[in-house]
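S.K.: Data file start09.txt (compact mmCIF, C-alpha atoms and all ligand atoms) is appended below.
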```
# COMPACT_ATOMS: atom_id res chain seq x y z
CA MET H 1 117.63 117.20 111.42
CA SER H 2 119.08 116.91 114.92
CA ALA H 3 119.52 113.47 116.42
CA VAL H 4 117.31 112.30 119.29
CA PRO H 5 119.56 112.15 122.38
CA THR H 6 119.88 108.69 123.92
CA PRO H 7 121.48 108.26 127.34
CA SER H 8 124.76 106.38 127.10
CA PRO H 9 124.44 102.96 128.78
CA SER H 10 127.50 103.64 130.95
CA SER H 11 126.04 106.85 132.41
CA ALA H 12 122.50 105.46 132.87
CA ILE H 13 121.60 104.84 136.51
CA SER H 14 119.19 101.94 136.89
CA LEU H 15 116.69 101.69 139.74
CA THR H 16 118.81 98.84 141.14
CA ARG H 17 121.95 100.98 141.16
CA TYR H 18 120.09 103.96 142.68
CA LEU H 19 118.75 101.73 145.48
CA ILE H 20 122.14 100.15 146.16
CA GLU H 21 123.69 103.62 146.41
CA GLU H 22 120.94 104.69 148.83
CA GLN H 23 121.63 101.58 150.93
CA ARG H 24 125.38 102.33 150.95
CA ALA H 25 124.57 105.87 152.07
CA GLY H 26 122.59 104.39 154.98
CA ARG H 27 119.25 105.79 153.81
CA ILE H 28 117.53 102.41 153.35
CA ASN H 29 118.23 98.88 154.51
CA ALA H 30 118.51 95.79 152.31
CA ASP H 31 114.93 94.68 153.09
CA LEU H 32 113.39 97.94 151.93
CA ARG H 33 115.61 97.95 148.85
CA LEU H 34 114.47 94.47 147.90
CA LEU H 35 110.84 95.28 148.66
CA ILE H 36 110.97 98.25 146.26
CA GLU H 37 112.57 96.01 143.62
CA VAL H 38 109.72 93.51 143.97
CA VAL H 39 107.10 96.24 143.64
CA ALA H 40 108.89 97.66 140.58
CA ARG H 41 109.04 94.20 138.99
CA ALA H 42 105.31 93.70 139.56
CA CYS H 43 104.64 97.10 137.98
CA LYS H 44 106.60 96.03 134.90
CA THR H 45 104.30 93.02 134.60
CA ILE H 46 101.25 95.29 134.94
CA SER H 47 102.74 97.60 132.32
CA ILE H 48 102.99 94.69 129.89
CA ALA H 49 99.36 93.72 130.53
CA VAL H 50 98.16 97.34 130.12
CA GLY H 51 100.23 97.69 126.93
CA LYS H 52 98.56 94.71 125.28
CA GLY H 53 95.23 96.55 125.45
CA ALA H 54 92.51 95.09 123.29
CA LEU H 55 94.93 92.40 122.03
CA GLY H 56 95.46 91.01 125.53
CA GLY H 57 91.82 90.45 126.44
CA VAL H 58 92.33 92.64 129.50
CA LEU H 59 89.88 95.46 128.75
CA GLY H 60 86.34 95.70 130.09
CA ASP H 61 84.52 94.93 133.31
CA ALA H 62 85.40 92.06 135.61
CA GLY H 63 81.75 91.70 136.60
CA THR H 64 82.64 92.11 140.29
CA GLY H 65 82.63 94.99 142.78
CA ASN H 66 85.06 96.11 145.48
CA ILE H 67 84.50 97.15 149.10
CA GLN H 68 84.12 100.75 147.92
CA GLY H 69 81.01 99.74 145.95
CA GLU H 70 82.80 100.37 142.66
CA ALA H 71 82.55 98.05 139.64
CA GLN H 72 85.93 96.42 139.05
CA LYS H 73 87.63 96.34 135.68
CA LYS H 74 89.48 93.20 134.60
CA LEU H 75 92.74 95.16 134.92
CA ASP H 76 91.88 96.23 138.51
CA VAL H 77 91.62 92.57 139.47
CA LEU H 78 94.63 91.43 137.44
CA SER H 79 96.90 94.21 138.75
CA ASN H 80 95.86 93.41 142.31
CA GLU H 81 96.71 89.72 141.77
CA ILE H 82 100.09 90.59 140.22
CA LEU H 83 101.06 92.79 143.19
CA LEU H 84 99.82 90.25 145.75
CA GLU H 85 101.54 87.32 144.10
CA ALA H 86 104.84 89.19 143.70
CA ASN H 87 104.95 90.57 147.22
CA ALA H 88 103.36 87.94 149.47
CA TRP H 89 106.33 85.57 149.25
CA GLY H 90 109.00 88.30 149.06
CA GLY H 91 109.92 87.96 152.74
CA HIS H 92 109.90 91.70 153.53
CA LEU H 93 106.30 92.17 154.65
CA ALA H 94 104.17 91.71 157.73
CA GLY H 95 101.04 92.53 155.72
CA LEU H 96 99.50 93.95 152.56
CA ALA H 97 96.44 96.12 151.99
CA SER H 98 94.81 97.10 148.74
CA GLU H 99 92.05 99.41 147.57
CA GLU H 100 90.53 96.35 145.90
CA MET H 101 90.37 94.11 149.00
CA ASP H 102 87.93 94.35 151.91
CA THR H 103 90.52 93.79 154.63
CA SER H 104 94.28 93.57 154.87
CA HIS H 105 95.85 90.47 153.34
CA PRO H 106 97.71 88.17 155.73
CA ILE H 107 101.04 86.73 154.60
CA PRO H 108 100.48 82.94 154.32
CA ASP H 109 102.17 80.97 157.12
CA VAL H 110 104.48 79.11 154.75
CA TYR H 111 106.05 82.37 153.51
CA PRO H 112 108.85 84.31 155.22
CA ARG H 113 107.87 87.56 156.93
CA GLY H 114 109.46 90.97 157.28
CA ASN H 115 108.89 94.27 159.08
CA TYR H 116 107.13 96.31 156.42
CA LEU H 117 103.53 96.97 155.44
CA LEU H 118 102.66 97.58 151.79
CA LEU H 119 99.52 99.40 150.68
CA PHE H 120 98.48 99.94 147.08
CA ASP H 121 95.96 101.17 144.60
CA PRO H 122 96.77 98.49 142.00
CA LEU H 123 95.24 100.33 139.10
CA ASP H 124 94.45 104.01 139.40
CA GLY H 125 92.26 105.73 136.83
CA SER H 126 90.15 102.67 136.03
CA SER H 127 87.61 104.72 134.08
CA ASN H 128 90.37 105.43 131.53
CA ILE H 129 91.43 101.81 130.87
CA ASP H 130 89.03 101.13 128.04
CA VAL H 131 89.75 104.42 126.24
CA ASN H 132 93.55 104.02 126.13
CA ILE H 133 94.36 106.95 128.43
CA SER H 134 97.14 106.80 131.04
CA VAL H 135 96.49 104.74 134.16
CA GLY H 136 98.88 103.82 136.98
CA THR H 137 99.70 102.04 140.24
CA ILE H 138 100.18 103.90 143.55
CA PHE H 139 101.92 102.40 146.60
CA SER H 140 102.96 103.26 150.13
CA VAL H 141 105.26 101.49 152.61
CA LEU H 142 104.98 101.70 156.40
CA ARG H 143 106.85 99.91 159.19
CA ALA H 144 104.95 97.22 161.05
CA PRO H 145 104.48 98.14 164.72
CA ASP H 146 107.14 96.60 167.01
CA GLY H 147 106.70 92.87 167.45
CA VAL H 148 103.99 92.53 164.76
CA THR H 149 104.84 89.83 162.27
CA GLN H 150 101.30 89.23 160.97
CA ALA H 151 99.58 92.60 160.60
CA GLU H 152 95.87 93.29 161.16
CA ASP H 153 93.93 96.25 159.75
CA LYS H 154 94.63 98.40 162.83
CA ASP H 155 98.40 98.09 162.32
CA PHE H 156 98.12 99.97 159.01
CA LEU H 157 96.36 102.97 160.58
CA GLN H 158 99.41 105.21 160.81
CA PRO H 159 99.60 108.84 159.63
CA GLY H 160 101.32 109.57 156.32
CA THR H 161 104.31 111.06 158.15
CA GLU H 162 105.23 107.45 159.06
CA GLN H 163 105.66 106.36 155.44
CA VAL H 164 109.18 105.15 154.67
CA CYS H 165 108.61 104.99 150.94
CA ALA H 166 105.94 105.94 148.43
CA GLY H 167 105.67 105.85 144.69
CA TYR H 168 103.59 105.40 141.61
CA THR H 169 104.01 104.08 138.13
CA THR H 170 102.27 105.68 135.21
CA TYR H 171 101.44 103.52 132.20
CA GLY H 172 101.32 106.17 129.50
CA PRO H 173 103.24 106.81 126.29
CA SER H 174 106.20 105.64 128.40
CA THR H 175 106.05 103.73 131.68
CA MET H 176 107.54 105.73 134.54
CA LEU H 177 108.18 104.97 138.20
CA VAL H 178 108.27 107.97 140.53
CA LEU H 179 109.68 107.21 143.95
CA THR H 180 110.57 108.72 147.30
CA ILE H 181 112.29 107.16 150.29
CA GLY H 182 112.17 110.52 152.09
CA HIS H 183 115.21 111.98 150.30
CA GLY H 184 113.72 113.76 147.31
CA THR H 185 111.38 112.54 144.59
CA HIS H 186 112.97 110.86 141.59
CA ALA H 187 111.60 109.66 138.25
CA PHE H 188 112.67 106.50 136.43
CA THR H 189 111.63 105.60 132.89
CA LEU H 190 111.19 101.98 131.83
CA ASP H 191 113.62 101.02 129.09
CA ARG H 192 111.34 98.50 127.43
CA GLU H 193 114.09 96.78 125.42
CA VAL H 194 116.33 96.25 128.43
CA GLY H 195 113.47 95.77 130.90
CA SER H 196 114.84 98.06 133.58
CA PHE H 197 113.84 101.39 135.09
CA VAL H 198 116.43 104.12 134.39
CA LEU H 199 116.78 107.31 136.44
CA THR H 200 115.66 110.15 134.16
CA THR H 201 114.94 112.97 136.61
CA ARG H 202 116.72 113.28 139.93
CA ASP H 203 115.10 115.59 142.46
CA MET H 204 111.88 116.64 140.80
CA ARG H 205 110.88 120.15 141.93
CA ILE H 206 107.36 121.56 141.79
CA PRO H 207 107.32 125.32 141.09
CA GLU H 208 105.78 127.19 144.04
CA GLU H 209 103.56 129.32 141.80
CA THR H 210 101.23 128.05 139.10
CA LYS H 211 98.57 129.10 136.61
CA GLU H 212 97.09 125.61 136.15
CA PHE H 213 94.45 123.80 138.17
CA ALA H 214 92.97 120.30 137.97
CA VAL H 215 89.48 119.55 139.23
CA ASN H 216 86.38 117.76 137.97
CA MET H 217 84.31 120.87 137.14
CA SER H 218 81.13 118.83 136.63
CA ASN H 219 80.90 118.62 140.42
CA GLN H 220 80.89 122.41 140.83
CA ARG H 221 77.28 122.70 142.00
CA HIS H 222 77.90 120.04 144.68
CA TRP H 223 80.94 121.76 146.25
CA GLN H 224 80.96 123.49 149.61
CA PRO H 225 81.10 127.34 149.77
CA PRO H 226 84.89 127.78 150.23
CA MET H 227 85.63 125.63 147.14
CA GLN H 228 82.94 127.49 145.18
CA ARG H 229 84.61 130.81 146.06
CA TYR H 230 88.14 129.56 145.39
CA VAL H 231 87.37 128.28 141.88
CA ALA H 232 85.14 131.28 141.06
CA ASP H 233 88.15 133.51 141.78
CA LEU H 234 90.44 131.34 139.62
CA LEU H 235 87.97 131.62 136.74
CA THR H 236 87.79 135.42 136.83
CA GLY H 237 91.48 135.39 135.85
CA LYS H 238 93.41 138.65 135.40
CA GLU H 239 90.37 140.76 136.21
CA GLY H 240 89.69 138.92 139.48
CA PRO H 241 91.36 138.93 142.91
CA ARG H 242 94.02 136.41 141.80
CA GLY H 243 95.25 138.77 139.09
CA LYS H 244 96.24 136.07 136.57
CA ASP H 245 94.59 133.78 134.01
CA PHE H 246 94.43 130.09 134.91
CA ASN H 247 94.37 127.07 132.61
CA MET H 248 92.58 123.83 133.51
CA ARG H 249 93.46 120.13 133.00
CA TRP H 250 91.66 116.99 134.21
CA VAL H 251 92.75 113.52 133.09
CA ALA H 252 90.66 111.69 135.72
CA SER H 253 93.61 109.40 136.50
CA MET H 254 95.18 110.76 139.67
CA VAL H 255 98.58 109.37 138.65
CA ALA H 256 98.53 111.27 135.37
CA ASP H 257 97.30 114.51 136.94
CA VAL H 258 99.87 114.29 139.76
CA HIS H 259 102.63 113.39 137.31
CA ARG H 260 101.90 116.54 135.31
CA ILE H 261 102.05 118.59 138.52
CA LEU H 262 105.36 117.02 139.58
CA THR H 263 106.70 117.79 136.12
CA ARG H 264 105.51 121.36 135.55
CA GLY H 265 103.48 122.48 138.58
CA GLY H 266 99.80 123.05 139.20
CA ILE H 267 97.19 122.28 141.83
CA PHE H 268 95.18 119.07 141.93
CA SER H 269 91.99 118.97 143.96
CA TYR H 270 89.23 116.53 144.70
CA PRO H 271 87.26 118.46 147.31
CA LEU H 272 84.39 117.38 149.47
CA ASP H 273 81.11 117.56 147.55
CA ALA H 274 77.49 116.74 148.30
CA LYS H 275 77.83 113.40 146.47
CA CYS H 276 80.74 112.11 148.56
CA ALA H 277 80.30 114.09 151.82
CA ASP H 278 78.91 111.10 153.73
CA LYS H 279 82.05 109.11 152.84
CA GLY H 280 84.42 111.96 153.74
CA GLY H 281 85.61 112.57 150.16
CA LYS H 282 86.29 110.65 146.96
CA LEU H 283 89.98 109.74 147.10
CA ARG H 284 91.43 107.20 149.49
CA LEU H 285 93.77 108.39 152.24
CA MET H 286 95.90 105.25 152.53
CA TYR H 287 96.24 104.26 148.87
CA GLU H 288 96.08 107.61 147.05
CA ALA H 289 96.29 110.77 149.16
CA ASN H 290 99.11 109.77 151.54
CA PRO H 291 101.60 108.34 149.01
CA MET H 292 100.98 111.21 146.58
CA SER H 293 101.31 113.79 149.38
CA PHE H 294 104.66 112.30 150.47
CA LEU H 295 105.95 112.47 146.87
CA VAL H 296 104.67 116.03 146.43
CA GLU H 297 106.15 117.30 149.71
CA GLN H 298 109.49 115.69 148.86
CA ALA H 299 109.42 117.67 145.59
CA GLY H 300 108.85 120.98 147.42
CA GLY H 301 105.07 121.05 147.03
CA ALA H 302 102.28 120.97 149.62
CA ALA H 303 99.35 118.65 150.31
CA SER H 304 96.29 119.31 152.44
CA THR H 305 92.71 118.25 153.09
CA GLY H 306 91.86 121.95 152.78
CA ARG H 307 92.06 122.29 156.54
CA GLN H 308 94.95 120.09 157.66
CA ARG H 309 98.29 118.87 156.34
CA MET H 310 97.46 115.56 154.64
CA LEU H 311 100.36 113.62 156.12
CA GLU H 312 99.20 114.46 159.67
CA VAL H 313 95.69 113.02 159.27
CA ARG H 314 95.19 110.20 161.82
CA PRO H 315 93.58 107.37 159.88
CA THR H 316 90.53 105.66 161.35
CA GLY H 317 89.91 103.10 158.61
CA LEU H 318 91.81 101.28 155.88
CA HIS H 319 89.50 102.59 153.17
CA GLN H 320 89.03 106.07 154.64
CA ARG H 321 88.42 108.86 152.13
CA VAL H 322 89.56 112.48 152.30
CA PRO H 323 89.29 115.75 150.38
CA VAL H 324 92.57 116.44 148.55
CA PHE H 325 94.48 119.59 147.53
CA LEU H 326 98.06 119.08 146.41
CA GLY H 327 100.75 120.58 144.22
CA SER H 328 102.40 124.00 143.91
CA LYS H 329 103.00 125.22 147.45
CA HIS H 330 101.63 128.76 147.21
CA GLU H 331 98.51 127.65 145.33
CA VAL H 332 97.71 124.92 147.88
CA GLU H 333 98.18 127.54 150.61
CA ALA H 334 95.75 129.83 148.76
CA ALA H 335 93.11 127.06 148.57
CA VAL H 336 93.57 126.34 152.29
CA ARG H 337 93.14 130.07 153.07
CA TYR H 338 89.69 130.05 151.44
CA HIS H 339 88.67 127.14 153.68
CA LEU H 340 90.06 128.63 156.89
CA GLU H 341 88.57 132.08 156.19
CA TYR H 342 85.18 130.46 155.58
CA ASP H 343 85.44 128.47 158.81
CA ALA H 344 86.37 131.65 160.71
CA GLU H 345 83.33 133.50 159.23
CA GLN H 346 81.12 130.65 160.41
CA GLY H 347 82.55 131.09 163.92
O1 LIG H 401 85.74 110.32 137.67
P1 LIG H 401 86.07 111.47 138.58
O2 LIG H 401 84.99 111.77 139.54
O3 LIG H 401 86.55 112.66 137.82
O4 LIG H 401 87.26 110.94 139.52
C1 LIG H 401 88.53 110.76 139.03
C2 LIG H 401 89.41 110.31 140.16
O5 LIG H 401 89.01 109.00 140.55
C3 LIG H 401 90.10 108.11 140.46
O6 LIG H 401 90.00 107.50 139.23
C4 LIG H 401 90.04 107.07 141.51
O7 LIG H 401 90.94 106.01 141.31
P2 LIG H 401 90.54 104.49 140.97
O8 LIG H 401 90.47 104.31 139.50
O9 LIG H 401 91.70 103.79 141.59
O10 LIG H 401 89.23 104.18 141.65
C5 LIG H 401 91.34 109.02 140.48
O11 LIG H 401 92.40 108.43 139.82
C6 LIG H 401 90.86 110.26 139.76
O12 LIG H 401 91.52 111.42 140.16
MG MG H 402 92.86 105.40 142.40
MG MG H 403 92.21 101.79 141.67
```
Using C-alpha cells, write down the structure from this file.
Ligand SMILES: O=P(O)(O)OC[C@H]1O[C@](O)(COP(=O)(O)O)[C@@H](O)[C@@H]1O
Ligand SMILES: [Mg+2]
Ligand SMILES: [Mg+2]
M.R.:
Amino acid sequence: MSAVPTPSPSSAISLTRYLIEEQRAGRINADLRLLIEVVARACKTISIAVGKGALGGVLGDAGTGNIQGEAQKKLDVLSNEILLEANAWGGHLAGLASEEMDTSHPIPDVYPRGNYLLLFDPLDGSSNIDVNISVGTIFSVLRAPDGVTQAEDKDFLQPGTEQVCAGYTTYGPSTMLVLTIGHGTHAFTLDREVGSFVLTTRDMRIPEETKEFAVNMSNQRHWQPPMQRYVADLLTGKEGPRGKDFNMRWVASMVADVHRILTRGGIFSYPLDAKCADKGGKLRLMYEANPMSFLVEQAGGAASTGRQRMLEVRPTGLHQRVPVFLGSKHEVEAAVRYHLEYDAEQG
C-alpha cells in the first residue's frame, strides 16, 4: 500500500506567508493583506460552526427573512454576524455590505477606518445546509472612492473590474479558500490541526474546452429562447451540432459548482428565466457573480451575462441580480453566441 503524501511543514506555504510575499513584491499593501487575514480568520470560525452540524444547534431556519425575500437559515445569520464582528473593528474598511443586510453597514464611530469596502455572501448554498452538502462564503473587496471614510450604498456601486481582491471558502470534505488579488487564482486548504490555510494549488487554470455543464434543468421551460436552443444542442451530444456528448452536474451551491469548474473545467449557468425575469436574474452581481467572475477570469476562464462581460456590468443597486454564464472560455463564448445570434435574428 502506498503512503498518503503529506506536505512537509518546511515546504508548506501558509496564507500568511503567501500574502507577505505578495506585499514584498508590491502587489498588495499591508492594509489589504491584513484585511484578507481577517476575512480568512472569520471563515475559519464559520467552518467550525458548519462542521458542528446537528451537534452545534446551528441547523434549521432562523425564522427571519432577508431583503431578497428569502427565508434565512440560522447559519446565514450566524455567518453574517461572524464576518461583521471580525471585520468592523479591523481598521481596514470604510464600509461593509452583505447579501443578508438591507443596506450597507457603517463602521461604528469608535472603530478605526480604512480605504477598502468589503462585500460578502456570508453563506452560499443555504438550501444545502440541512442536508450536509458543501456550502461556502463568497467575498469581494473594492477601494472606497477618494475621500470616503464612511461609505454609503452608492459607493459600492463599482463594476467588477474595480475589484482588488475576491475569494470564496468552501466548507466541504475539506475547507478551502480560493483567492485572487489580480495575479492568478490560488487555492489554500485549511490544515485543521494547525489552524492555518496552506497553499495547495498555485495558479489554477480552467481548461478552455469542456464536456460538462451545470444548470438547474428544472427551470428549462421558463428559459428564454437562446438558452433553450443552447441546452437543446448540448443534449443532442455527438449527433448534434456540438459534436460531443456532455455530462451535467448541479450542486445548487454556487461555491461548490464554481470550485469544480476551477478544478476541472465546465460551464456554470444561471440564466434569466420567467420566474426571475422581473428581478433581472437569480444570482447577485455584487456578492456572487462579480467575485466569482474575477476568480474565473484570473484562472483563464470567461464570465458573461450572456450578452456582456460580467466584470463590465455597471451596478445600479447593492442587491442587483444578473444572469450568469462562467467557466471554460470556449464554452462560455459558445453560450454567448447563441444569445447574440438570437438578438440579431430579432433585429
Ligand atoms: O435552488 P436553485 O434555484 O437551483 O439555485 C441554486 C443557486 O442559488 C444559490 O444557492 C444562491 O445562494 P444563497 O444560498 O446565498 O442564497 C447559489 O449558491 C446556487 O447556485
Ligand atoms: Mg449565494
Ligand atoms: Mg447566501
S.K.: As a PyMOL selection string, please: the residues near Pro122 in chain H (cut-off 6 Å, all atoms listed in the file, same-chain neighbours under 6 positions excluded).
M.R.: chain H and resi 79-80+137
S.K.: What does the structure give for the distance between atom P2 of ligand LIG 401 (chain H) and CA of Trp250 in chain H, in Å to one decimal?
M.R.: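 CA of Trp250 in chain H lies 14.3 Å from atom P2 of ligand LIG 401 (chain H).
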S.K.: Dump the neighbourhood of ligand LIG 401 (chain H) as a PyMOL selection string: all residues within 6 Å, distances computed on all atoms listed in the file.
M.R.: chain H and resi 121+123-126+216+252-254
S.K.: Of the candidates H:Arg284, H:Arg143, H:Arg307, H:His105, which shows the shortest atom-to-atom distance to ligand MG 403 (chain H), using all atoms listed in the file?
M.R.: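 Closest to ligand MG 403 (chain H) of all the choices is H:Arg284.
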S.K.: Which one is closest to Val313 in chain H: H:Asp273, H:Glu100, H:Glu162, H:Glu209? Count all atoms listed in the file.
M.R.: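 Of H:Asp273, H:Glu100, H:Glu162, H:Glu209, the one nearest Val313 in chain H is H:Glu162, counting all atoms listed in the file.
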S.K.: Find, counting all atoms listed in the file, the residue in H:Arg337, H:Arg221, H:Lys282, H:His330 that gets nearest to ligand MG 402 (chain H).
M.R.: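 Among the listed residues, H:Lys282 lies closest to ligand MG 402 (chain H).
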S.K.: Taking into account only C-alpha atoms and all ligand atoms, which residue in the set H:Pro108, H:Gly136, H:Gly281, H:Gly69 is nearest to ligand MG 403 (chain H)?
M.R.: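 Result for the nearest residue to ligand MG 403 (chain H): H:Gly136.
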S.K.: Which is closer to Tyr171 in chain H than all the others in H:Ser134, H:Gln150, H:Gly280, H:Gln68, using all atoms listed in the file?
M.R.: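 Selected residue with least distance to Tyr171 in chain H: H:Ser134.
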S.K.: For CA of Gly91 in chain H and CA of Val141 in chain H, quote the distance in Å rounded to one decimal.
M.R.: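 Going from CA of Gly91 in chain H over to CA of Val141 in chain H, I get 14.3 Å.
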S.K.: Identify which of the residues H:Gly265, H:Pro315, H:Gly347, H:Pro291 lies closest to ligand MG 402 (chain H), counting all atoms listed in the file when measuring atom-to-atom distances.
M.R.: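 Of H:Gly265, H:Pro315, H:Gly347, H:Pro291, the one nearest ligand MG 402 (chain H) is H:Pro291, counting all atoms listed in the file.
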S.K.: For Tyr338 in chain H, work out the shell of residues within 7 Å, counting only C-alpha atoms and skipping chain neighbours fewer than 3 positions away, then give it as a PyMOL selection string.
M.R.: chain H and resi 226+230+334-335+341-342
S.K.: Show me, as a ChimeraX atom specification, the residues that have an atom within 9 Å of Leu34 in chain H when counting only C-alpha atoms, minus same-chain residues fewer than 4 positions from it.
M.R.: /H:19,29-30,38-39,90,92
S.K.: Could you name the residues that touch Ile28 in chain H at 12 Å or less, counting all atoms listed in the file, but leaving out those on the same chain fewer than 2 positions away, as a VMD selection string?
M.R.: chain H and resid 18 to 26 30 to 36 164 to 165 180 to 183
S.K.: What's the 10 Å shell around Gln224 in chain H, counting only C-alpha atoms, without same-chain residues fewer than 6 positions away, as a list of chain:residue names?
M.R.: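 Within the cut-off, the hits are H:Pro271, H:Leu272, H:Asp273, H:Ala274, H:Ala277, H:His339.
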